[in-house]
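K.L.:
See run-v9.csv below, with CSV, C-alpha atoms.
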```csv
chain,number,residue,atom,x,y,z
A,1,MET,CA,83.7,107.5,101.3
A,2,ASN,CA,81.1,105.2,99.7
A,3,SER,CA,81.7,101.4,99.6
A,4,LEU,CA,79.5,98.4,99.3
A,5,HIS,CA,77.6,98.3,102.6
A,6,PRO,CA,78.4,95.1,104.7
A,7,LEU,CA,74.7,94.3,105.0
A,8,THR,CA,74.3,94.5,101.2
A,9,ALA,CA,77.4,92.3,100.8
A,10,LEU,CA,75.9,89.8,103.2
A,11,VAL,CA,72.5,89.7,101.5
A,12,LEU,CA,74.2,89.3,98.1
A,13,GLY,CA,76.4,86.5,99.5
A,14,VAL,CA,73.4,84.7,101.0
A,15,LEU,CA,71.5,85.0,97.6
A,16,ALA,CA,74.4,83.7,95.6
A,17,VAL,CA,75.2,80.7,97.8
A,18,GLY,CA,71.5,80.1,98.7
A,19,GLY,CA,70.7,80.2,95.0
A,20,ARG,CA,73.2,77.4,94.3
A,21,VAL,CA,71.9,75.3,97.2
A,22,LEU,CA,68.3,75.8,96.1
A,23,LEU,CA,69.0,74.9,92.5
A,24,ASP,CA,71.0,71.8,93.5
A,25,LEU,CA,68.2,70.6,95.8
A,26,GLN,CA,65.2,71.6,93.7
A,27,LEU,CA,66.3,71.3,90.0
A,28,GLY,CA,69.4,69.2,90.2
A,29,VAL,CA,73.2,69.7,90.3
A,30,GLU,CA,73.3,70.6,86.6
A,31,ALA,CA,71.3,73.7,87.3
A,32,GLY,CA,73.5,74.5,90.3
A,33,GLU,CA,76.6,74.1,88.2
A,34,VAL,CA,75.3,76.6,85.6
A,35,TRP,CA,74.5,79.1,88.4
A,36,GLN,CA,78.1,78.8,89.8
A,37,ARG,CA,79.6,79.2,86.3
A,38,GLY,CA,77.9,82.5,86.2
A,39,ILE,CA,79.3,83.5,89.6
A,40,GLU,CA,82.8,82.4,88.5
A,41,ALA,CA,82.6,84.4,85.3
A,42,LEU,CA,81.4,87.4,87.2
A,43,SER,CA,84.2,87.0,89.8
A,44,GLY,CA,86.8,87.1,87.0
A,45,ALA,CA,85.3,90.2,85.4
A,46,VAL,CA,84.9,92.2,88.6
A,47,VAL,CA,88.4,91.4,89.9
A,48,VAL,CA,89.9,92.4,86.6
A,49,MET,CA,87.8,95.6,86.6
A,50,VAL,CA,89.2,96.5,90.0
A,51,ALA,CA,92.8,96.0,88.8
A,52,LEU,CA,92.1,98.3,85.9
A,53,GLN,CA,90.5,101.0,88.1
A,54,PHE,CA,93.8,101.5,90.0
A,55,SER,CA,96.2,104.0,88.4
A,56,ALA,CA,99.5,102.7,87.0
A,57,GLY,CA,102.0,102.7,89.8
A,58,ASP,CA,99.4,102.2,92.6
A,59,PRO,CA,100.8,99.5,94.9
A,60,PRO,CA,97.5,97.6,95.2
A,61,ARG,CA,97.2,97.3,91.4
A,62,ARG,CA,99.6,94.4,91.0
A,63,PRO,CA,98.0,92.0,93.6
A,64,TRP,CA,94.6,92.7,92.2
A,65,ALA,CA,95.8,92.1,88.7
A,66,LEU,CA,97.4,88.8,89.7
A,67,LEU,CA,94.1,87.8,91.4
A,68,GLY,CA,92.3,88.9,88.3
A,69,VAL,CA,94.4,86.5,86.2
A,70,ALA,CA,93.7,83.7,88.7
A,71,MET,CA,90.0,84.3,88.6
A,72,ALA,CA,89.8,84.8,84.8
A,73,VAL,CA,91.5,81.4,84.4
A,74,VAL,CA,88.6,79.6,86.2
A,75,PRO,CA,86.0,79.9,83.4
A,76,LEU,CA,88.7,78.6,81.0
A,77,ILE,CA,89.3,75.6,83.3
A,78,ARG,CA,85.6,74.9,83.3
A,79,LEU,CA,85.4,75.3,79.5
A,80,VAL,CA,88.4,73.0,78.6
A,81,SER,CA,87.2,70.6,81.2
A,82,HIS,CA,83.8,70.5,79.6
A,83,LEU,CA,85.3,70.1,76.2
A,84,GLY,CA,87.6,67.3,77.5
A,85,LEU,CA,90.7,69.0,76.0
A,86,ALA,CA,94.0,67.1,76.7
A,87,PHE,CA,97.5,66.6,75.5
A,88,GLY,CA,97.6,62.8,75.4
A,89,ASP,CA,96.4,61.8,78.8
A,90,ILE,CA,97.3,65.2,80.4
A,91,LYS,CA,94.2,67.3,80.9
A,92,VAL,CA,94.6,70.9,79.9
A,93,ALA,CA,92.2,71.8,82.8
A,94,HIS,CA,94.8,70.5,85.3
A,95,LEU,CA,97.6,72.5,83.7
A,96,LEU,CA,95.5,75.7,83.9
A,97,LEU,CA,94.6,74.8,87.5
A,98,ILE,CA,98.3,74.7,88.4
A,99,GLY,CA,98.9,78.1,86.8
A,100,GLY,CA,95.7,79.7,88.3
A,101,ASN,CA,96.7,78.6,91.8
A,102,ILE,CA,100.2,80.0,91.5
A,103,PHE,CA,98.8,83.4,90.4
A,104,MET,CA,96.3,83.3,93.3
A,105,ALA,CA,99.0,82.5,95.9
A,106,ALA,CA,101.2,85.3,94.4
A,107,SER,CA,98.3,87.8,94.7
A,108,LEU,CA,97.8,87.0,98.4
A,109,ILE,CA,101.5,87.4,99.0
A,110,GLY,CA,101.3,90.7,97.2
A,111,PHE,CA,98.4,92.0,99.3
A,112,GLY,CA,100.3,91.1,102.4
A,113,ARG,CA,103.3,93.0,101.2
A,114,VAL,CA,101.3,96.1,100.2
A,115,LEU,CA,99.5,96.3,103.5
A,116,GLY,CA,102.6,95.4,105.6
A,117,SER,CA,104.6,98.1,103.9
A,118,SER,CA,102.3,100.9,105.0
A,119,GLU,CA,103.7,102.8,108.0
A,120,LEU,CA,100.1,103.0,109.3
A,121,LEU,CA,99.8,99.2,109.6
A,122,SER,CA,103.3,97.9,110.1
A,123,GLU,CA,104.3,96.5,113.5
A,124,ARG,CA,106.0,99.2,115.3
A,125,THR,CA,107.4,97.7,118.5
A,126,ALA,CA,109.5,94.6,119.2
A,127,GLU,CA,106.6,93.2,121.1
A,128,ASP,CA,104.2,93.7,118.2
A,129,ARG,CA,106.7,92.1,115.8
A,130,LEU,CA,107.0,89.1,118.2
A,131,ARG,CA,103.2,88.7,118.4
A,132,ALA,CA,102.9,88.9,114.6
A,133,THR,CA,105.6,86.3,114.2
A,134,ALA,CA,103.9,84.0,116.6
A,135,PHE,CA,100.6,84.4,114.9
A,136,VAL,CA,102.1,83.8,111.4
A,137,GLY,CA,103.9,80.8,112.8
A,138,LEU,CA,100.7,79.4,114.1
A,139,LEU,CA,99.1,79.8,110.7
A,140,ALA,CA,102.0,78.1,109.1
A,141,VAL,CA,101.6,75.1,111.4
A,142,SER,CA,97.8,74.9,110.7
A,143,ALA,CA,98.4,75.2,106.9
A,144,LEU,CA,101.1,72.4,107.2
A,145,ALA,CA,98.6,70.2,109.0
A,146,VAL,CA,96.2,70.5,106.0
A,147,ILE,CA,99.0,69.9,103.5
A,148,GLY,CA,100.2,66.9,105.6
A,149,TYR,CA,96.7,65.4,105.5
A,150,ASN,CA,96.4,65.8,101.8
A,151,THR,CA,99.9,64.4,101.2
A,152,ILE,CA,99.1,61.3,103.2
A,153,GLU,CA,95.9,60.9,101.3
A,154,LEU,CA,97.7,61.2,98.0
A,155,ALA,CA,100.6,58.9,99.0
A,156,GLY,CA,98.1,56.3,100.2
A,157,ARG,CA,96.9,55.9,96.6
A,158,GLY,CA,100.4,54.8,95.4
A,159,PRO,CA,102.5,56.4,92.7
A,160,PRO,CA,100.6,57.9,89.8
A,161,VAL,CA,100.6,55.9,86.6
A,162,GLY,CA,101.1,57.8,83.4
A,163,ALA,CA,101.8,61.5,82.6
A,164,GLY,CA,98.2,62.5,83.1
A,165,ALA,CA,98.0,61.0,86.6
A,166,TRP,CA,101.2,62.7,87.5
A,167,VAL,CA,99.9,66.1,86.3
A,168,ALA,CA,96.6,65.5,88.2
A,169,THR,CA,98.6,64.7,91.3
A,170,ILE,CA,100.8,67.8,90.8
A,171,ALA,CA,97.7,69.9,90.2
A,172,THR,CA,96.2,68.7,93.5
A,173,THR,CA,99.4,69.3,95.4
A,174,VAL,CA,99.9,72.8,93.9
A,175,SER,CA,96.3,73.5,94.6
A,176,THR,CA,96.5,72.5,98.2
A,177,LEU,CA,99.8,74.3,98.7
A,178,SER,CA,98.6,77.5,97.2
A,179,ASP,CA,95.2,77.3,98.9
A,180,ALA,CA,97.0,76.8,102.2
A,181,LEU,CA,99.2,79.8,101.4
A,182,VAL,CA,96.1,81.8,100.3
A,183,PHE,CA,94.3,80.8,103.6
A,184,ALA,CA,97.3,81.7,105.8
A,185,GLY,CA,97.8,84.8,103.7
A,186,GLY,CA,94.2,85.7,104.2
A,187,LEU,CA,94.4,85.3,108.0
A,188,TYR,CA,97.7,87.3,108.0
A,189,LEU,CA,95.8,90.0,106.2
A,190,LEU,CA,93.2,89.9,109.0
A,191,TRP,CA,96.0,90.3,111.5
A,192,LEU,CA,97.4,93.3,109.6
A,193,LEU,CA,94.0,94.8,109.2
A,194,ARG,CA,93.0,94.6,112.9
A,195,PRO,CA,93.6,98.4,113.4
A,196,LEU,CA,91.5,99.2,110.3
A,197,ILE,CA,88.4,97.4,111.6
A,198,GLY,CA,85.5,99.8,111.3
A,199,GLY,CA,86.9,101.4,108.2
A,200,SER,CA,85.8,100.7,104.6
A,201,LEU,CA,89.4,99.9,103.6
A,202,ALA,CA,89.4,96.7,105.6
A,203,ARG,CA,86.2,95.2,104.0
A,204,PRO,CA,87.6,93.9,100.7
A,205,TYR,CA,90.4,92.1,102.5
A,206,LEU,CA,88.1,90.6,105.1
A,207,LEU,CA,86.0,89.1,102.3
A,208,LEU,CA,89.1,87.8,100.6
A,209,ALA,CA,90.1,86.1,103.8
A,210,VAL,CA,86.6,84.4,104.0
A,211,GLY,CA,87.0,83.2,100.4
A,212,ALA,CA,90.5,81.9,101.0
A,213,GLY,CA,89.4,79.9,104.0
A,214,ALA,CA,86.5,78.4,102.0
A,215,PHE,CA,88.9,77.4,99.2
A,216,LEU,CA,91.2,75.6,101.6
A,217,VAL,CA,88.3,73.6,103.1
A,218,VAL,CA,87.1,72.7,99.5
A,219,ASP,CA,90.6,71.3,98.9
A,220,VAL,CA,90.4,68.9,101.8
A,221,PHE,CA,87.0,67.7,100.5
A,222,LEU,CA,88.4,67.3,97.0
A,223,VAL,CA,91.4,65.2,98.2
A,224,ALA,CA,89.2,63.1,100.4
A,225,ALA,CA,87.0,62.4,97.4
A,226,GLY,CA,89.9,61.8,95.0
A,227,ALA,CA,89.0,64.7,92.8
A,228,THR,CA,91.2,67.5,91.4
A,229,THR,CA,88.5,70.1,90.5
A,230,GLN,CA,85.0,70.7,91.9
A,231,THR,CA,83.4,69.8,88.7
A,232,GLU,CA,84.9,66.3,88.8
A,233,LEU,CA,82.7,65.7,91.9
A,234,VAL,CA,79.4,64.0,91.2
A,235,GLY,CA,77.0,65.7,93.5
A,236,THR,CA,74.8,63.0,95.1
A,237,ASP,CA,74.8,63.6,98.8
A,238,LEU,CA,75.9,66.2,101.4
A,239,ARG,CA,79.5,65.0,101.3
A,240,THR,CA,79.8,65.8,97.6
A,241,LEU,CA,77.5,68.8,97.5
A,242,LEU,CA,79.1,70.6,100.5
A,243,PRO,CA,82.4,71.3,98.7
A,244,LYS,CA,80.4,72.7,95.7
A,245,TRP,CA,78.5,75.0,98.0
A,246,LEU,CA,81.8,76.0,99.8
A,247,GLY,CA,83.3,76.6,96.4
A,248,CYS,CA,80.4,78.9,95.6
A,249,LEU,CA,80.9,80.7,98.8
A,250,ALA,CA,84.6,81.2,98.0
A,251,PHE,CA,84.0,82.6,94.5
A,252,THR,CA,81.1,84.8,95.9
A,253,SER,CA,83.4,86.2,98.6
A,254,PHE,CA,86.1,87.1,96.1
A,255,THR,CA,83.5,88.7,93.9
A,256,LEU,CA,82.1,90.7,96.8
A,257,ALA,CA,85.6,91.7,97.9
A,258,ALA,CA,86.3,93.0,94.4
A,259,ALA,CA,82.9,94.7,94.2
A,260,THR,CA,83.5,96.4,97.5
A,261,GLN,CA,86.9,97.6,96.4
A,262,ALA,CA,85.5,98.8,93.1
A,263,ALA,CA,82.7,100.8,94.8
A,264,LEU,CA,85.3,102.5,97.0
A,265,LEU,CA,87.5,103.4,94.0
A,266,ARG,CA,84.5,104.6,92.0
A,267,SER,CA,83.2,106.8,94.7
A,268,ALA,CA,86.6,108.5,94.9
A,269,ARG,CA,86.8,108.9,91.2
A,270,ARG,CA,83.3,110.4,90.9
A,271,HIS,CA,84.5,113.0,93.4
A,272,VAL,CA,87.9,113.7,91.9
A,273,GLU,CA,87.1,113.8,88.2
A,274,PRO,CA,84.9,117.0,88.2
A,275,ARG,CA,87.8,118.9,89.8
A,276,GLY,CA,89.9,118.1,86.6
B,1,MET,CA,78.2,112.8,97.6
B,2,SER,CA,79.9,115.8,98.9
B,3,ALA,CA,83.3,116.6,100.5
B,4,ILE,CA,83.5,116.7,104.3
B,5,LYS,CA,83.6,120.4,105.2
B,6,PRO,CA,86.7,121.6,107.1
B,7,ARG,CA,86.1,122.7,110.6
B,8,GLY,CA,87.6,125.7,112.5
B,9,ASP,CA,91.1,125.8,113.9
B,10,SER,CA,90.2,124.5,117.4
B,11,SER,CA,88.8,121.3,116.1
B,12,PHE,CA,91.3,120.6,113.3
B,13,ALA,CA,92.5,117.5,114.9
B,14,GLU,CA,89.0,116.3,115.3
B,15,HIS,CA,88.4,117.1,111.7
B,16,VAL,CA,91.3,114.9,110.6
B,17,VAL,CA,90.0,112.0,112.6
B,18,HIS,CA,86.5,112.7,111.3
B,19,VAL,CA,87.7,112.5,107.7
B,20,LEU,CA,89.9,109.5,108.1
B,21,THR,CA,87.7,107.3,110.3
B,22,PRO,CA,85.2,106.1,107.5
B,23,LEU,CA,88.2,104.8,105.5
B,24,LEU,CA,90.7,103.8,108.2
B,25,GLY,CA,88.5,103.0,111.2
B,26,PRO,CA,88.8,105.0,114.5
B,27,HIS,CA,92.0,103.4,115.8
B,28,THR,CA,94.1,104.0,112.7
B,29,ALA,CA,92.6,107.4,112.2
B,30,ARG,CA,93.9,108.4,115.6
B,31,ARG,CA,97.2,106.8,114.8
B,32,ALA,CA,97.4,108.9,111.6
B,33,LEU,CA,96.7,112.0,113.7
B,34,ALA,CA,99.5,111.1,116.1
B,35,MET,CA,101.9,110.8,113.1
B,36,ILE,CA,100.8,114.2,111.8
B,37,CYS,CA,101.4,115.7,115.3
B,38,LYS,CA,104.8,114.1,115.5
B,39,ARG,CA,105.8,115.4,112.1
B,40,ALA,CA,104.5,118.9,112.9
B,41,GLY,CA,106.0,118.9,116.4
B,42,LYS,CA,102.7,119.8,118.0
B,43,GLU,CA,100.1,118.5,120.3
B,44,PRO,CA,96.7,117.6,118.7
B,45,HIS,CA,95.0,120.7,120.1
B,46,GLU,CA,97.7,122.9,118.6
B,47,LEU,CA,97.1,121.7,115.1
B,48,GLY,CA,95.4,124.1,112.7
B,49,PRO,CA,94.8,124.7,109.0
B,50,ALA,CA,98.3,126.0,108.8
B,51,ASP,CA,99.4,122.4,109.3
B,52,LEU,CA,97.4,121.1,106.3
B,53,ALA,CA,100.6,120.8,104.2
B,54,VAL,CA,102.2,118.7,106.9
B,55,ALA,CA,99.1,116.5,107.2
B,56,HIS,CA,99.1,116.0,103.4
B,57,SER,CA,102.7,115.1,103.2
B,58,THR,CA,102.4,112.7,106.1
B,59,LEU,CA,99.3,110.9,104.9
B,60,ARG,CA,99.9,110.9,101.1
B,61,PRO,CA,102.5,108.1,100.8
B,62,MET,CA,100.8,105.9,103.4
B,63,LEU,CA,97.3,106.2,101.9
B,64,ARG,CA,98.6,105.8,98.4
B,65,THR,CA,100.3,102.5,99.4
B,66,LEU,CA,97.1,101.2,100.9
B,67,ILE,CA,94.4,102.3,98.5
B,68,GLY,CA,95.9,104.0,95.5
B,69,ASN,CA,96.1,107.5,94.1
B,70,ASP,CA,92.4,108.4,93.5
B,71,VAL,CA,91.2,107.6,97.0
B,72,THR,CA,94.2,109.4,98.4
B,73,VAL,CA,93.4,112.5,96.4
B,74,ARG,CA,89.8,112.3,97.6
B,75,VAL,CA,90.7,112.0,101.2
B,76,LEU,CA,93.3,114.8,101.1
B,77,ALA,CA,90.7,117.0,99.4
B,78,ASP,CA,88.3,116.2,102.2
B,79,LEU,CA,90.9,117.3,104.7
B,80,GLY,CA,91.1,120.7,103.1
B,81,THR,CA,92.0,122.3,99.7
B,82,GLY,CA,95.5,123.5,99.0
B,83,GLU,CA,97.8,120.6,98.4
B,84,GLY,CA,95.4,117.8,97.6
B,85,THR,CA,97.0,116.9,94.3
B,86,PRO,CA,99.9,114.5,94.7
```
Please express the file's structure as structure tokens.
P.N.:
Amino acid sequence: MNSLHPLTALVLGVLAVGGRVLLDLQLGVEAGEVWQRGIEALSGAVVVMVALQFSAGDPPRRPWALLGVAMAVVPLIRLVSHLGLAFGDIKVAHLLLIGGNIFMAASLIGFGRVLGSSELLSERTAEDRLRATAFVGLLAVSALAVIGYNTIELAGRGPPVGAGAWVATIATTVSTLSDALVFAGGLYLLWLLRPLIGGSLARPYLLLAVGAGAFLVVDVFLVAAGATTQTELVGTDLRTLLPKWLGCLAFTSFTLAAATQAALLRSARRHVEPRG
Amino acid sequence: MSAIKPRGDSSFAEHVVHVLTPLLGPHTARRALAMICKRAGKEPHELGPADLAVAHSTLRPMLRTLIGNDVTVRVLADLGTGEGTP
């Protein structure tokens, strides 16, 4: 069964993130931002393509479709952010960010449900279930720690003034909550996928987990900098450039996850179709 | 890309693991074999092409949940012809 080779994925990942770093350092952040907009657009397209490749009724189709919506919203966020669209002082980009994050969190929950429902991967014994519960509990505590940090940071700035500030605060909170959920969900996927390590089926989900972790770290950087989206950060030093590079890593990981899944599905279809 | 050729009766269990390992990894491939054996009421070395239908009916719902219909059809076809179409 053909899939995107892990080494190929690694090389592509290094090229994508390395390209952003090089452009930022050699030509300026403007060039790096253009590079990342390309990766984000590609990410949306590839994830949507994967969702469309599944047949109607295939259980994995729904979480991939939800992730496709979340990824497809990102270029829209960048566009309306660039255009400065707003309802009064409420930025449209922040409203879209809230929606996109909810879709992303829903997709990770969906992936966990799909994988957990297979008899091949579900925890069979009471001991296995106890270990899984302890592991998920540990993840929840870690995610709560991140949420707690971000909440304290936000609370320290005092109550938001005006509808726009409230929406920005809600966007940041929803983003952190969903990214924590996505991160915990990604690690839970890793837990579920332990028995599949060595098989091509595990690879897309491993890459999703990497991307989810990177998104959560980006959130911590954004809150520390008082920003809601990556593009609001002015890249001047390592502290402001690092979240942009991690963001690039997150989108690249999601793109490679989708490309890996797409390659697996295409290879099966090439084999099945001639048989009619 | 070509289908994995079915092996003789004596190594049918090995063939099942051989077909499933690239997709599921060695651990889960062996677990899938154990589930087929349980359903067929046989030991791995007793499995043969006659148990293909049992293998298909055991694997089909689990694989379809994990990876969808197309890959499931492909894997079942690689296991052996007969009842590969869900």
K.L.:
Specify as number ranges by chain all residues of chain B found within 12 Å of chain A, counting all atoms listed in the file.
P.N.:
B: 1-4, 17-36, 58-78, 81, 84-85
K.L.:
Would you mind reading off the distance between atom CA of A:Glu33 and atom CA of A:Ala93, one decimal, in Å?
P.N.:
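Result for atom CA of A:Glu33 versus atom CA of A:Ala93: 16.7 Å, one decimal.
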K.L.:
Could you work out how far atom CA of B:Ala55 lies from atom CA of A:Leu52, giving the answer in Å with one decimal?
P.N.:
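Those two atoms sit 28.9 Å apart.
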K.L.:
Might you pull out every residue within 7 Å of stretch 222-235 of chain A, with all atoms listed in the file counted and same-chain residues fewer than 4 positions away left off, and present them as an mmCIF file with C-alpha atoms, in the frame of the given file?
P.N.:
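Writing the result to result_29.cif gives the following:
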```cif
data_model
loop_
_atom_site.group_PDB
_atom_site.id
_atom_site.type_symbol
_atom_site.label_atom_id
_atom_site.label_comp_id
_atom_site.auth_asym_id
_atom_site.auth_seq_id
_atom_site.Cartn_x
_atom_site.Cartn_y
_atom_site.Cartn_z
ATOM 1 C CA VAL A 29 73.200 69.700 90.300
ATOM 2 C CA ASN A 150 96.400 65.800 101.800
ATOM 3 C CA GLU A 153 95.900 60.900 101.300
ATOM 4 C CA ALA A 168 96.600 65.500 88.200
ATOM 5 C CA THR A 172 96.200 68.700 93.500
ATOM 6 C CA VAL A 218 87.100 72.700 99.500
ATOM 7 C CA THR A 240 79.800 65.800 97.600
ATOM 8 C CA LEU A 241 77.500 68.800 97.500
ATOM 9 C CA LYS A 244 80.400 72.700 95.700
#
```
K.L.:
Suppose you want the space between atom CA of A:Ala65 and atom CA of A:Val48; what is it in Å?
P.N.:
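So the answer is 6.3 Å.
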K.L.:
Choose the residue, out of A:Gly164, A:Phe183, A:Glu40, A:Gly112, that has the smallest atom-to-atom separation from A:Val92; count all atoms listed in the file.
P.N.:
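For A:Val92, the nearest of the candidates is A:Gly164.
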K.L.:
Counting only C-alpha atoms, figure out which residue out of A:Val161, A:Val182, A:Ile170, A:Leu4 gets nearest to A:Pro204.
P.N.:
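Of all the options, A:Leu4 lies closest to A:Pro204.
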K.L.:
Return stretch 52-74 of chain B, completed with N, CA and C atoms, as a short mmCIF file (atom, residue, chain, number, x, y, z; two decimals), keeping the file's coordinate frame.
P.N.:
```cif
data_model
loop_
_atom_site.label_atom_id
_atom_site.label_comp_id
_atom_site.auth_asym_id
_atom_site.auth_seq_id
_atom_site.Cartn_x
_atom_site.Cartn_y
_atom_site.Cartn_z
N LEU B 52 98.03 121.93 107.38
CA LEU B 52 97.40 121.10 106.30
C LEU B 52 98.50 120.47 105.43
N ALA B 53 99.50 121.27 105.08
CA ALA B 53 100.60 120.80 104.20
C ALA B 53 101.30 119.61 104.87
N VAL B 54 101.53 119.74 106.18
CA VAL B 54 102.20 118.70 106.90
C VAL B 54 101.31 117.41 106.91
N ALA B 55 100.01 117.64 107.14
CA ALA B 55 99.10 116.50 107.20
C ALA B 55 99.08 115.80 105.81
N HIS B 56 99.05 116.59 104.73
CA HIS B 56 99.10 116.00 103.40
C HIS B 56 100.33 115.19 103.14
N SER B 57 101.47 115.80 103.46
CA SER B 57 102.70 115.10 103.20
C SER B 57 102.94 113.89 104.04
N THR B 58 102.32 113.89 105.22
CA THR B 58 102.40 112.70 106.10
C THR B 58 101.52 111.58 105.57
N LEU B 59 100.31 111.94 105.20
CA LEU B 59 99.30 110.90 104.90
C LEU B 59 99.46 110.38 103.43
N ARG B 60 99.90 111.27 102.52
CA ARG B 60 99.90 110.90 101.10
C ARG B 60 100.57 109.58 100.79
N PRO B 61 101.84 109.40 101.19
CA PRO B 61 102.50 108.10 100.80
C PRO B 61 101.87 106.90 101.50
N MET B 62 101.39 107.09 102.73
CA MET B 62 100.80 105.90 103.40
C MET B 62 99.48 105.53 102.82
N LEU B 63 98.65 106.51 102.50
CA LEU B 63 97.30 106.20 101.90
C LEU B 63 97.51 105.65 100.50
N ARG B 64 98.44 106.22 99.75
CA ARG B 64 98.60 105.80 98.40
C ARG B 64 99.07 104.30 98.35
N THR B 65 99.89 103.92 99.31
CA THR B 65 100.30 102.50 99.40
C THR B 65 99.11 101.61 99.66
N LEU B 66 98.22 102.07 100.51
CA LEU B 66 97.10 101.20 100.90
C LEU B 66 95.98 101.15 99.90
N ILE B 67 95.67 102.29 99.28
CA ILE B 67 94.40 102.30 98.50
C ILE B 67 94.56 103.01 97.15
N GLY B 68 95.75 103.47 96.80
CA GLY B 68 95.90 104.00 95.50
C GLY B 68 95.74 105.54 95.42
N ASN B 69 96.01 106.09 94.25
CA ASN B 69 96.10 107.50 94.10
C ASN B 69 94.70 108.24 94.19
N ASP B 70 93.69 107.67 93.53
CA ASP B 70 92.40 108.40 93.50
C ASP B 70 91.77 108.56 94.84
N VAL B 71 91.75 107.51 95.64
CA VAL B 71 91.20 107.60 97.00
C VAL B 71 92.01 108.57 97.83
N THR B 72 93.33 108.51 97.64
CA THR B 72 94.20 109.40 98.40
C THR B 72 93.89 110.87 98.08
N VAL B 73 93.75 111.17 96.79
CA VAL B 73 93.40 112.50 96.40
C VAL B 73 92.08 112.97 97.00
N ARG B 74 91.14 112.04 97.00
CA ARG B 74 89.80 112.30 97.60
C ARG B 74 89.91 112.64 99.06
#
```
